[in-house]
$ cat entry.pdb   # PDB, C-alpha atoms
ATOM      1  CA  MET A   1       0.000   0.000   0.000
ATOM      2  CA  SER A   2       1.366   3.401  -0.926
ATOM      3  CA  ASP A   3       1.720   6.270   1.517
ATOM      4  CA  ALA A   4      -0.756   8.441  -0.393
ATOM      5  CA  PRO A   5      -3.962   6.488   0.409
ATOM      6  CA  ASP A   6      -2.902   6.135   4.069
ATOM      7  CA  ALA A   7      -2.672   9.904   4.363
ATOM      8  CA  LEU A   8      -6.367  10.081   3.436
ATOM      9  CA  GLU A   9      -7.471   7.368   5.875
ATOM     10  CA  PRO A  10      -7.948   8.839   9.357
ATOM     11  CA  THR A  11      -8.500   5.630  11.329
ATOM     12  CA  ARG A  12      -5.565   3.766  12.837
ATOM     13  CA  ILE A  13      -6.122   0.051  13.527
ATOM     14  CA  VAL A  14      -3.826  -1.727  15.977
ATOM     15  CA  ALA A  15      -3.670  -5.517  16.396
ATOM     16  CA  LEU A  16      -1.768  -6.566  19.512
ATOM     17  CA  TYR A  17      -1.074  -9.409  21.889
ATOM     18  CA  HIS A  18       1.383 -10.083  24.665
ATOM     19  CA  PHE A  19       1.916 -13.008  27.004
ATOM     20  CA  THR A  20       2.729 -11.752  30.490
ATOM     21  CA  PRO A  21       1.435 -12.719  33.947
ATOM     22  CA  PHE A  22      -1.386 -10.502  35.205
ATOM     23  CA  GLU A  23      -2.027 -11.211  38.866
ATOM     24  CA  ASP A  24      -5.460  -9.554  38.803
ATOM     25  CA  PRO A  25      -6.806  -8.974  35.266
ATOM     26  CA  ALA A  26     -10.138  -7.741  36.640
ATOM     27  CA  ALA A  27      -8.401  -4.796  38.311
ATOM     28  CA  LEU A  28      -6.953  -3.753  34.942
ATOM     29  CA  ARG A  29     -10.245  -3.870  33.061
ATOM     30  CA  GLY A  30     -12.005  -0.746  34.383
ATOM     31  CA  PRO A  31      -9.239   1.831  33.854
ATOM     32  CA  LEU A  32      -8.471   0.423  30.403
ATOM     33  CA  LEU A  33     -12.106   0.495  29.289
ATOM     34  CA  ASP A  34     -12.615   3.988  30.716
ATOM     35  CA  LEU A  35      -9.637   5.345  28.784
ATOM     36  CA  CYS A  36     -10.709   3.694  25.532
ATOM     37  CA  GLU A  37     -14.193   5.178  25.850
ATOM     38  CA  LYS A  38     -12.806   8.609  26.734
ATOM     39  CA  GLU A  39     -10.580   8.557  23.623
ATOM     40  CA  GLY A  40     -13.316   7.251  21.314
ATOM     41  CA  ILE A  41     -11.492   3.959  20.720
ATOM     42  CA  LYS A  42     -13.546   1.013  19.421
ATOM     43  CA  GLY A  43     -12.737  -2.681  19.231
ATOM     44  CA  ILE A  44     -12.176  -5.573  21.592
ATOM     45  CA  LEU A  45      -9.460  -6.403  24.108
ATOM     46  CA  LEU A  46      -9.172  -9.664  26.045
ATOM     47  CA  LEU A  47      -7.512  -9.814  29.448
ATOM     48  CA  ALA A  48      -6.482 -13.035  31.190
ATOM     49  CA  ARG A  49      -3.905 -14.156  33.694
ATOM     50  CA  GLU A  50      -1.657 -15.008  30.744
ATOM     51  CA  GLY A  51      -1.764 -11.541  29.137
ATOM     52  CA  ILE A  52      -3.628  -9.331  26.662
ATOM     53  CA  ASN A  53      -4.922  -9.762  23.107
ATOM     54  CA  GLY A  54      -7.126  -7.760  20.752
ATOM     55  CA  THR A  55      -7.673  -5.266  17.962
ATOM     56  CA  ILE A  56      -8.680  -1.642  18.491
ATOM     57  CA  ALA A  57      -9.138   1.391  16.282
ATOM     58  CA  GLY A  58      -9.434   5.159  16.549
ATOM     59  CA  THR A  59      -7.643   8.431  15.902
ATOM     60  CA  ASP A  60      -3.862   8.583  16.010
ATOM     61  CA  GLU A  61      -3.925  10.777  19.113
ATOM     62  CA  GLY A  62      -6.351   8.533  20.987
ATOM     63  CA  MET A  63      -4.496   5.388  19.999
ATOM     64  CA  GLU A  64      -1.202   6.824  21.219
ATOM     65  CA  ARG A  65      -2.676   7.438  24.675
ATOM     66  CA  VAL A  66      -4.311   4.016  24.875
ATOM     67  CA  MET A  67      -1.202   2.182  23.648
ATOM     68  CA  ALA A  68       0.903   4.066  26.215
ATOM     69  CA  HIS A  69      -1.500   2.860  28.913
ATOM     70  CA  ILE A  70      -1.302  -0.742  27.661
ATOM     71  CA  ARG A  71       2.496  -0.709  27.516
ATOM     72  CA  ALA A  72       2.496   0.533  31.127
ATOM     73  CA  LEU A  73       0.628  -2.601  32.269
ATOM     74  CA  PRO A  74       2.754  -5.182  34.160
ATOM     75  CA  GLY A  75       5.263  -6.808  31.791
ATOM     76  CA  CYS A  76       3.955  -5.039  28.666
ATOM     77  CA  ALA A  77       6.750  -2.511  28.073
ATOM     78  CA  ASP A  78       8.046  -4.446  25.031
ATOM     79  CA  LEU A  79       4.620  -5.288  23.612
ATOM     80  CA  GLU A  80       4.657  -5.298  19.805
ATOM     81  CA  SER A  81       1.726  -4.294  17.632
ATOM     82  CA  LYS A  82       0.729  -4.228  13.968
ATOM     83  CA  ASP A  83      -0.785  -1.075  12.490
ATOM     84  CA  SER A  84      -2.982  -0.545   9.460
ATOM     85  CA  ARG A  85      -5.288   2.231   8.224
ATOM     86  CA  ALA A  86      -8.953   2.480   7.252
ATOM     87  CA  PRO A  87     -11.269   5.252   6.083
ATOM     88  CA  GLU A  88     -13.622   4.695   9.043
ATOM     89  CA  LEU A  89     -13.876   2.769  12.302
ATOM     90  CA  PRO A  90     -14.160  -0.976  11.634
ATOM     91  CA  PHE A  91     -15.855  -1.562  15.021
ATOM     92  CA  ARG A  92     -19.122  -0.246  16.438
ATOM     93  CA  ARG A  93     -18.352  -0.441  20.161
ATOM     94  CA  MET A  94     -15.583  -0.986  22.686
ATOM     95  CA  LYS A  95     -15.348  -4.154  24.781
ATOM     96  CA  VAL A  96     -12.762  -5.242  27.338
ATOM     97  CA  ARG A  97     -13.473  -8.833  28.344
ATOM     98  CA  LEU A  98     -12.024 -11.080  31.034
ATOM     99  CA  LYS A  99     -11.104 -14.573  29.815
ATOM    100  CA  LYS A 100      -9.376 -17.715  31.077
ATOM    101  CA  GLU A 101      -7.062 -17.577  28.038
ATOM    102  CA  ILE A 102      -6.365 -14.761  25.588
ATOM    103  CA  VAL A 103      -6.457 -17.399  22.844
ATOM    104  CA  THR A 104      -8.371 -20.512  23.831
ATOM    105  CA  MET A 105      -6.524 -23.761  23.173
ATOM    106  CA  GLY A 106      -7.707 -25.704  26.217
ATOM    107  CA  GLU A 107      -4.236 -26.980  27.130
ATOM    108  CA  PRO A 108      -3.657 -25.490  30.609
ATOM    109  CA  ASP A 109      -0.012 -26.579  30.867
ATOM    110  CA  ILE A 110       1.070 -24.736  27.702
ATOM    111  CA  ASP A 111       2.887 -21.492  28.473
ATOM    112  CA  PRO A 112       4.440 -19.652  25.493
ATOM    113  CA  ARG A 113       6.688 -17.746  27.898
ATOM    114  CA  GLN A 114       8.500 -21.024  28.527
ATOM    115  CA  GLY A 115       9.361 -21.585  24.872
ATOM    116  CA  VAL A 116       7.913 -21.321  21.364
ATOM    117  CA  GLY A 117       9.006 -22.203  17.852
ATOM    118  CA  ARG A 118      11.821 -20.415  16.064
ATOM    119  CA  TYR A 119      10.643 -17.092  14.672
ATOM    120  CA  VAL A 120      11.040 -16.586  10.934
ATOM    121  CA  ALA A 121      10.902 -13.066   9.501
ATOM    122  CA  PRO A 122       8.436 -12.519   6.618
ATOM    123  CA  GLU A 123      11.278 -11.905   4.161
ATOM    124  CA  ASP A 124      12.743 -15.349   5.002
ATOM    125  CA  TRP A 125       9.445 -17.237   5.068
ATOM    126  CA  ASN A 126       9.291 -18.139   1.353
ATOM    127  CA  ALA A 127      12.571 -20.031   1.480
ATOM    128  CA  LEU A 128      11.448 -22.085   4.477
ATOM    129  CA  ILE A 129       8.055 -23.095   3.117
ATOM    130  CA  SER A 130       9.463 -23.819  -0.355
ATOM    131  CA  ASP A 131      11.676 -26.529   1.171
ATOM    132  CA  PRO A 132      10.008 -29.894   0.329
ATOM    133  CA  ASP A 133      10.981 -31.207   3.772
ATOM    134  CA  THR A 134       8.863 -28.542   5.506
ATOM    135  CA  ILE A 135       5.373 -29.424   6.699
ATOM    136  CA  LEU A 136       3.427 -26.167   6.461
ATOM    137  CA  ILE A 137       0.398 -25.904   8.787
ATOM    138  CA  ASP A 138      -2.310 -23.258   8.835
ATOM    139  CA  THR A 139      -3.393 -23.037  12.498
ATOM    140  CA  ARG A 140      -6.526 -20.977  11.799
ATOM    141  CA  ASN A 141     -10.101 -22.234  11.688
ATOM    142  CA  ASP A 142     -11.770 -23.623   8.569
ATOM    143  CA  TYR A 143     -13.812 -20.530   7.640
ATOM    144  CA  GLU A 144     -10.640 -18.399   7.728
ATOM    145  CA  VAL A 145      -8.645 -20.808   5.567
ATOM    146  CA  THR A 146     -11.443 -20.920   2.983
ATOM    147  CA  ILE A 147     -10.724 -17.437   1.626
ATOM    148  CA  GLY A 148      -6.929 -17.611   1.565
ATOM    149  CA  THR A 149      -3.809 -19.443   2.713
ATOM    150  CA  PHE A 150      -0.194 -20.092   1.763
ATOM    151  CA  LYS A 151       0.484 -22.292  -1.224
ATOM    152  CA  GLY A 152       0.914 -25.894  -0.109
ATOM    153  CA  ALA A 153      -0.343 -25.372   3.454
ATOM    154  CA  GLU A 154      -2.166 -28.138   5.308
ATOM    155  CA  ASP A 155      -5.639 -27.214   6.548
ATOM    156  CA  PRO A 156      -6.574 -28.907   9.852
ATOM    157  CA  LYS A 157     -10.264 -28.078   9.131
ATOM    158  CA  THR A 158     -10.854 -27.080  12.739
ATOM    159  CA  LYS A 159     -14.028 -25.338  13.865
ATOM    160  CA  SER A 160     -12.201 -23.871  16.869
ATOM    161  CA  PHE A 161      -8.616 -23.685  18.127
ATOM    162  CA  ARG A 162      -9.507 -26.221  20.844
ATOM    163  CA  GLU A 163      -9.562 -28.900  18.147
ATOM    164  CA  PHE A 164      -5.990 -28.209  17.038
ATOM    165  CA  PRO A 165      -4.105 -30.330  19.636
ATOM    166  CA  GLU A 166      -6.046 -33.488  18.730
ATOM    167  CA  TRP A 167      -5.518 -32.872  15.007
ATOM    168  CA  PHE A 168      -1.802 -32.219  15.537
ATOM    169  CA  ARG A 169      -1.248 -35.428  17.513
ATOM    170  CA  LYS A 170      -2.981 -37.494  14.852
ATOM    171  CA  ARG A 171      -1.101 -35.803  11.989
ATOM    172  CA  ARG A 172       2.233 -36.285  13.737
ATOM    173  CA  GLN A 173       1.541 -40.024  14.131
ATOM    174  CA  GLU A 174       0.751 -40.242  10.404
ATOM    175  CA  LEU A 175       4.008 -38.532   9.471
ATOM    176  CA  GLU A 176       6.071 -40.699  11.787
ATOM    177  CA  ALA A 177       4.375 -43.831  10.407
ATOM    178  CA  GLU A 178       5.687 -42.729   6.996
ATOM    179  CA  GLY A 179       9.169 -42.520   8.487
ATOM    180  CA  ARG A 180       9.300 -38.735   8.368
ATOM    181  CA  LEU A 181      10.781 -36.575  11.099
ATOM    182  CA  PRO A 182       8.720 -33.458  10.564
ATOM    183  CA  LYS A 183      10.162 -30.003  10.188
ATOM    184  CA  ILE A 184       7.087 -27.934  10.895
ATOM    185  CA  ALA A 185       6.269 -24.334   9.957
ATOM    186  CA  MET A 186       3.106 -22.776  11.391
ATOM    187  CA  PHE A 187       1.304 -19.524  10.707
ATOM    188  CA  CYS A 188      -1.822 -17.637  11.748
ATOM    189  CA  THR A 189      -3.360 -14.182  11.296
ATOM    190  CA  GLY A 190      -1.276 -12.081  13.678
ATOM    191  CA  GLY A 191       0.996 -14.594  15.401
ATOM    192  CA  ILE A 192      -0.786 -15.290  18.680
ATOM    193  CA  ARG A 193      -2.179 -18.723  17.861
ATOM    194  CA  CYS A 194       1.275 -19.810  16.738
ATOM    195  CA  GLU A 195       2.705 -18.787  20.092
ATOM    196  CA  LYS A 196       0.564 -21.512  21.606
ATOM    197  CA  SER A 197       0.612 -24.027  18.758
ATOM    198  CA  THR A 198       4.414 -24.015  18.447
ATOM    199  CA  SER A 199       4.780 -24.124  22.232
ATOM    200  CA  PHE A 200       2.398 -27.095  22.224
ATOM    201  CA  ALA A 201       4.377 -28.844  19.446
ATOM    202  CA  ARG A 202       7.585 -28.460  21.417
ATOM    203  CA  ALA A 203       5.908 -29.793  24.542
ATOM    204  CA  GLU A 204       4.883 -32.809  22.442
ATOM    205  CA  GLY A 205       8.557 -33.452  21.670
ATOM    206  CA  VAL A 206       8.854 -31.910  18.187
ATOM    207  CA  ASP A 207      12.082 -29.932  18.155
ATOM    208  CA  GLU A 208      12.195 -28.369  14.685
ATOM    209  CA  VAL A 209       9.246 -25.990  14.774
ATOM    210  CA  TYR A 210       9.085 -22.607  13.023
ATOM    211  CA  HIS A 211       6.687 -19.690  13.377
ATOM    212  CA  LEU A 212       5.944 -16.784  10.985
ATOM    213  CA  LYS A 213       6.844 -13.706  13.009
ATOM    214  CA  GLY A 214       4.008 -11.188  12.957
ATOM    215  CA  GLY A 215       1.710 -13.633  11.210
ATOM    216  CA  ILE A 216       0.011 -13.316   7.843
ATOM    217  CA  LEU A 217      -0.682  -9.622   8.398
ATOM    218  CA  LYS A 218       3.011  -8.803   8.693
ATOM    219  CA  TYR A 219       3.787 -10.949   5.644
ATOM    220  CA  LEU A 220       1.145  -9.188   3.515
ATOM    221  CA  GLU A 221       2.437  -5.830   4.710
ATOM    222  CA  THR A 222       6.112  -6.660   4.119
ATOM    223  CA  VAL A 223       6.467  -9.029   1.140
ATOM    224  CA  PRO A 224       5.808  -7.572  -2.346
ATOM    225  CA  GLU A 225       2.835  -9.166  -4.081
ATOM    226  CA  GLU A 226       4.950 -10.291  -7.017
ATOM    227  CA  GLU A 227       7.141 -12.321  -4.633
ATOM    228  CA  SER A 228       4.325 -13.601  -2.451
ATOM    229  CA  LEU A 229       3.337 -17.245  -1.910
ATOM    230  CA  TRP A 230       0.050 -16.181  -0.321
ATOM    231  CA  GLU A 231      -3.077 -17.110  -2.281
ATOM    232  CA  GLY A 232      -6.379 -15.286  -1.748
ATOM    233  CA  GLU A 233      -7.279 -12.882   1.043
ATOM    234  CA  CYS A 234      -6.802 -12.913   4.818
ATOM    235  CA  PHE A 235      -9.809 -12.961   7.144
ATOM    236  CA  VAL A 236      -9.714 -10.356   9.924
ATOM    237  CA  PHE A 237     -11.989 -10.034  12.931
ATOM    238  CA  ASP A 238     -13.490  -6.621  12.291
ATOM    239  CA  GLN A 239     -15.765  -4.929   9.780
ATOM    240  CA  ARG A 240     -13.086  -4.962   7.105
ATOM    241  CA  VAL A 241     -13.693  -8.768   6.974
ATOM    242  CA  SER A 242     -10.614  -9.423   4.830
ATOM    243  CA  VAL A 243      -7.401  -7.766   3.675
ATOM    244  CA  LYS A 244      -5.143  -8.233   0.676
ATOM    245  CA  HIS A 245      -1.489  -7.472  -0.008
ATOM    246  CA  GLY A 246      -0.396  -4.178   1.478
ATOM    247  CA  LEU A 247      -3.246  -4.666   4.004
ATOM    248  CA  GLU A 248      -5.655  -3.170   1.472
ATOM    249  CA  ILE A 249      -9.283  -3.849   2.430
ATOM    250  CA  GLY A 250     -10.493  -7.010   0.714
ATOM    251  CA  THR A 251     -13.584  -8.030  -1.217
ATOM    252  CA  TYR A 252     -15.465 -10.155   1.336
ATOM    253  CA  ASP A 253     -18.490  -9.349   3.454
ATOM    254  CA  VAL A 254     -19.531 -11.260   6.586
ATOM    255  CA  CYS A 255     -22.730 -13.015   7.611
ATOM    256  CA  HIS A 256     -24.010 -11.313  10.764
ATOM    257  CA  ALA A 257     -25.717 -14.555  11.799
ATOM    258  CA  CYS A 258     -22.788 -17.010  11.675
ATOM    259  CA  ARG A 259     -19.780 -14.655  11.146
ATOM    260  CA  ARG A 260     -18.531 -16.604   8.116
ATOM    261  CA  PRO A 261     -17.004 -14.660   5.207
ATOM    262  CA  LEU A 262     -19.184 -14.156   2.133
ATOM    263  CA  ASN A 263     -18.200 -13.559  -1.477
ATOM    264  CA  ALA A 264     -20.378 -12.164  -4.263
ATOM    265  CA  HIS A 265     -21.652 -15.640  -5.170
ATOM    266  CA  ASP A 266     -22.750 -16.277  -1.570
ATOM    267  CA  LYS A 267     -24.638 -12.982  -1.430
ATOM    268  CA  ALA A 268     -26.397 -13.761  -4.730
ATOM    269  CA  SER A 269     -27.862 -16.934  -3.209
ATOM    270  CA  PRO A 270     -31.597 -16.968  -2.337
ATOM    271  CA  LEU A 271     -30.500 -18.268   1.088
ATOM    272  CA  PHE A 272     -28.744 -14.984   1.833
ATOM    273  CA  VAL A 273     -30.749 -12.477   3.839
ATOM    274  CA  GLN A 274     -28.786  -9.530   5.203
ATOM    275  CA  GLY A 275     -28.130 -10.053   8.901
ATOM    276  CA  VAL A 276     -30.338 -13.158   9.042
ATOM    277  CA  SER A 277     -28.847 -16.074   7.079
ATOM    278  CA  CYS A 278     -26.436 -17.147   4.353
ATOM    279  CA  PRO A 279     -25.813 -20.337   2.338
ATOM    280  CA  HIS A 280     -23.415 -21.559   5.048
ATOM    281  CA  CYS A 281     -25.748 -21.268   8.029
ATOM    282  CA  HIS A 282     -29.306 -21.305   6.669
ATOM    283  CA  ASN A 283     -29.834 -24.965   7.558
ATOM    284  CA  GLU A 284     -28.089 -24.561  10.935
ATOM    285  CA  ARG A 285     -30.612 -22.078  12.321
ATOM    286  CA  THR A 286     -34.246 -22.322  13.387
ATOM    287  CA  GLU A 287     -37.027 -20.015  12.255
ATOM    288  CA  GLU A 288     -37.100 -18.518  15.744
ATOM    289  CA  GLN A 289     -33.378 -17.725  15.550
ATOM    290  CA  ARG A 290     -33.837 -16.104  12.150
ATOM    291  CA  ARG A 291     -36.677 -13.970  13.527
ATOM    292  CA  ARG A 292     -34.380 -12.784  16.321
ATOM    293  CA  TYR A 293     -31.602 -12.023  13.848
ATOM    294  CA  ALA A 294     -34.026 -10.043  11.682
ATOM    295  CA  GLU A 295     -35.124  -7.962  14.675
ATOM    296  CA  ARG A 296     -31.494  -7.378  15.672
ATOM    297  CA  GLU A 297     -30.692  -6.221  12.133
ATOM    298  CA  ARG A 298     -33.683  -3.877  12.198
ATOM    299  CA  GLN A 299     -32.606  -2.357  15.509
ATOM    300  CA  GLU A 300     -29.034  -1.928  14.261
ATOM    301  CA  ALA A 301     -30.278  -0.167  11.122
ATOM    302  CA  LEU A 302     -32.352   2.198  13.260
ATOM    303  CA  ALA A 303     -29.344   2.907  15.509
ATOM    304  CA  GLN A 304     -27.149   3.638  12.493
ATOM    305  CA  ALA A 305     -29.800   5.986  11.094
ATOM    306  CA  ARG A 306     -29.971   7.838  14.416
ATOM    307  CA  ARG A 307     -26.167   8.160  14.493
ATOM    308  CA  ALA A 308     -26.155   9.440  10.903
ATOM    309  CA  ARG A 309     -28.791  12.081  11.709
ATOM    310  CA  HIS A 310     -26.859  13.096  14.822
ATOM    311  CA  LEU A 311     -23.639  13.481  12.874
ATOM    312  CA  GLY A 312     -25.506  15.409  10.198
ATOM    313  CA  VAL A 313     -26.656  17.950  12.773
ATOM    314  CA  ARG A 314     -23.154  18.322  14.180
ATOM    315  CA  GLN A 315     -21.676  18.874  10.747
ATOM    316  CA  LYS A 316     -23.956  21.832   9.952
TER     317      LYS A 316
END
$ encode --input "entry.pdb" --output "structure tokens"
Amino acid sequence: MSDAPDALEPTRIVALYHFTPFEDPAALRGPLLDLCEKEGIKGILLLAREGINGTIAGTDEGMERVMAHIRALPGCADLESKDSRAPELPFRRMKVRLKKEIVTMGEPDIDPRQGVGRYVAPEDWNALISDPDTILIDTRNDYEVTIGTFKGAEDPKTKSFREFPEWFRKRRQELEAEGRLPKIAMFCTGGIRCEKSTSFARAEGVDEVYHLKGGILKYLETVPEEESLWEGECFVFDQRVSVKHGLEIGTYDVCHACRRPLNAHDKASPLFVQGVSCPHCHNERTEEQRRRYAERERQEALAQARRARHLGVRQK
């Protein structure tokens, strides 16, 4: 992405995570939420005893103050983040939630602070995954993989990250039955799932494990499209839905009922009703659920209209 469009896009989006011990995450929640609301920041942040994770967006000035607050939290001074730009806020509200894990794997003994895979910079990633001895694994869920992944990557077809450990153990047994000692490279959207998945692989006794530093987002930001081994778009968990090379906003929409990504063909289906159903979830929902979704969509449309009228008055 060139500098010129960024200069016209006033919203700064920050994706962040950091593993660090928080003795009392609940005590951190209130001040953090209050500051975000004061600065007009929208998005979602997760707090747990193992650290912080989330994506937030707002003005440059507001984001600077919020990020300074986050980096002042215990153990967060060296927290890294990934920035991108958008013409408007990709979130409608601000949430700070308390969780057992900042990314839920369901393996309580896994602690990325005790060891993860070897980080590989985006500019070195192509050489690693082009090696025929490398087993390349996409650690994301099935609906994310559907719209884009690296060439040659294995798709675990997981519905949630909790399913990954079982899939990994089975896949490792298959490889070893073939007489292969796997050299494994893993990747995910921003890097956080790989912190746990590579830590898990090492705990399972696999020594040669690699991890794309900064995740797909950093790769798409850093590696020129003409040199890229990425195919498709990358799903993101905000109203942008997907991004392309240079972190340009992608072409997908999202179903408000099931949160799966939708392309133009999906939205042309008679099973697609805005905010109510899509071809992926129509048969998974009851009529009562669809009625509730329709009412929610109606209320959201009314709220947006009220906000638009309010802004119109202020702009006069």
$ resolve_selection --input "entry.pdb" --expression "the PyMOL selection byres ((chain A and resi 52) around 9)" --output "PyMOL selection string"
chain A and resi 16-20+22+45-51+53-54+70+76+102
$ resolve_selection --input "entry.pdb" --expression "the PyMOL selection byres ((chain A and resi 166) around 12)" --output "list in words"
Met105, Gly106, Glu107, Pro156, Lys157, Thr158, Ser160, Phe161, Arg162, Glu163, Phe164, Pro165, Trp167, Phe168, Arg169, Lys170, Arg171, Arg172, Gln173, Ser197, Phe200, Ala201 and Glu204 of chain A
$ atom_distance --input "entry.pdb" --atom1 "CA of Arg202 in chain A" --atom2 "CA of Leu79 in chain A"
23.5 Å
$ closest_residue --input "entry.pdb" --among "A:Val120, A:Leu247, A:Ile44, A:Ala127" --to "Cys194 in chain A" --atoms "all atoms listed in the file"
A:Val120
$ residues_around --input "entry.pdb" --residues "Pro90 in chain A" --least-positions-apart "5" --cutoff "8 Å" --atoms "all atoms listed in the file" --output "MDAnalysis selection string"
chainID A and resid 43 57 238:240
$ atom_distance --input "entry.pdb" --atom1 "CA of Gly148 in chain A" --atom2 "CA of Lys99 in chain A"
28.7 Å
$ atom_distance --input "entry.pdb" --atom1 "CA of Leu136 in chain A" --atom2 "CA of Asp111 in chain A"
22.5 Å
$ resolve_selection --input "entry.pdb" --expression "the PyMOL selection byres ((chain A and resi 123) around 10)" --output "compact mmCIF listing (two decimals) with C-alpha atoms, in the frame of the given file"
# COMPACT_ATOMS: atom_id res chain seq x y z
CA VAL A 120 11.04 -16.59 10.93
CA ALA A 121 10.90 -13.07 9.50
CA PRO A 122 8.44 -12.52 6.62
CA ASP A 124 12.74 -15.35 5.00
CA TRP A 125 9.44 -17.24 5.07
CA ASN A 126 9.29 -18.14 1.35
CA ALA A 127 12.57 -20.03 1.48
CA LEU A 212 5.94 -16.78 10.98
CA LYS A 218 3.01 -8.80 8.69
CA TYR A 219 3.79 -10.95 5.64
CA THR A 222 6.11 -6.66 4.12
CA VAL A 223 6.47 -9.03 1.14
CA PRO A 224 5.81 -7.57 -2.35
CA GLU A 227 7.14 -12.32 -4.63
CA SER A 228 4.32 -13.60 -2.45
$ residues_around --input "entry.pdb" --residues "Ile135 in chain A" --least-positions-apart "6" --cutoff "12 Å" --atoms "all atoms listed in the file" --output "JSON, numbers by chain"
{"A": [128, 129, 150, 151, 152, 153, 154, 155, 168, 171, 172, 175, 180, 181, 182, 183, 184, 185, 186, 187, 208, 209, 210, 211]}
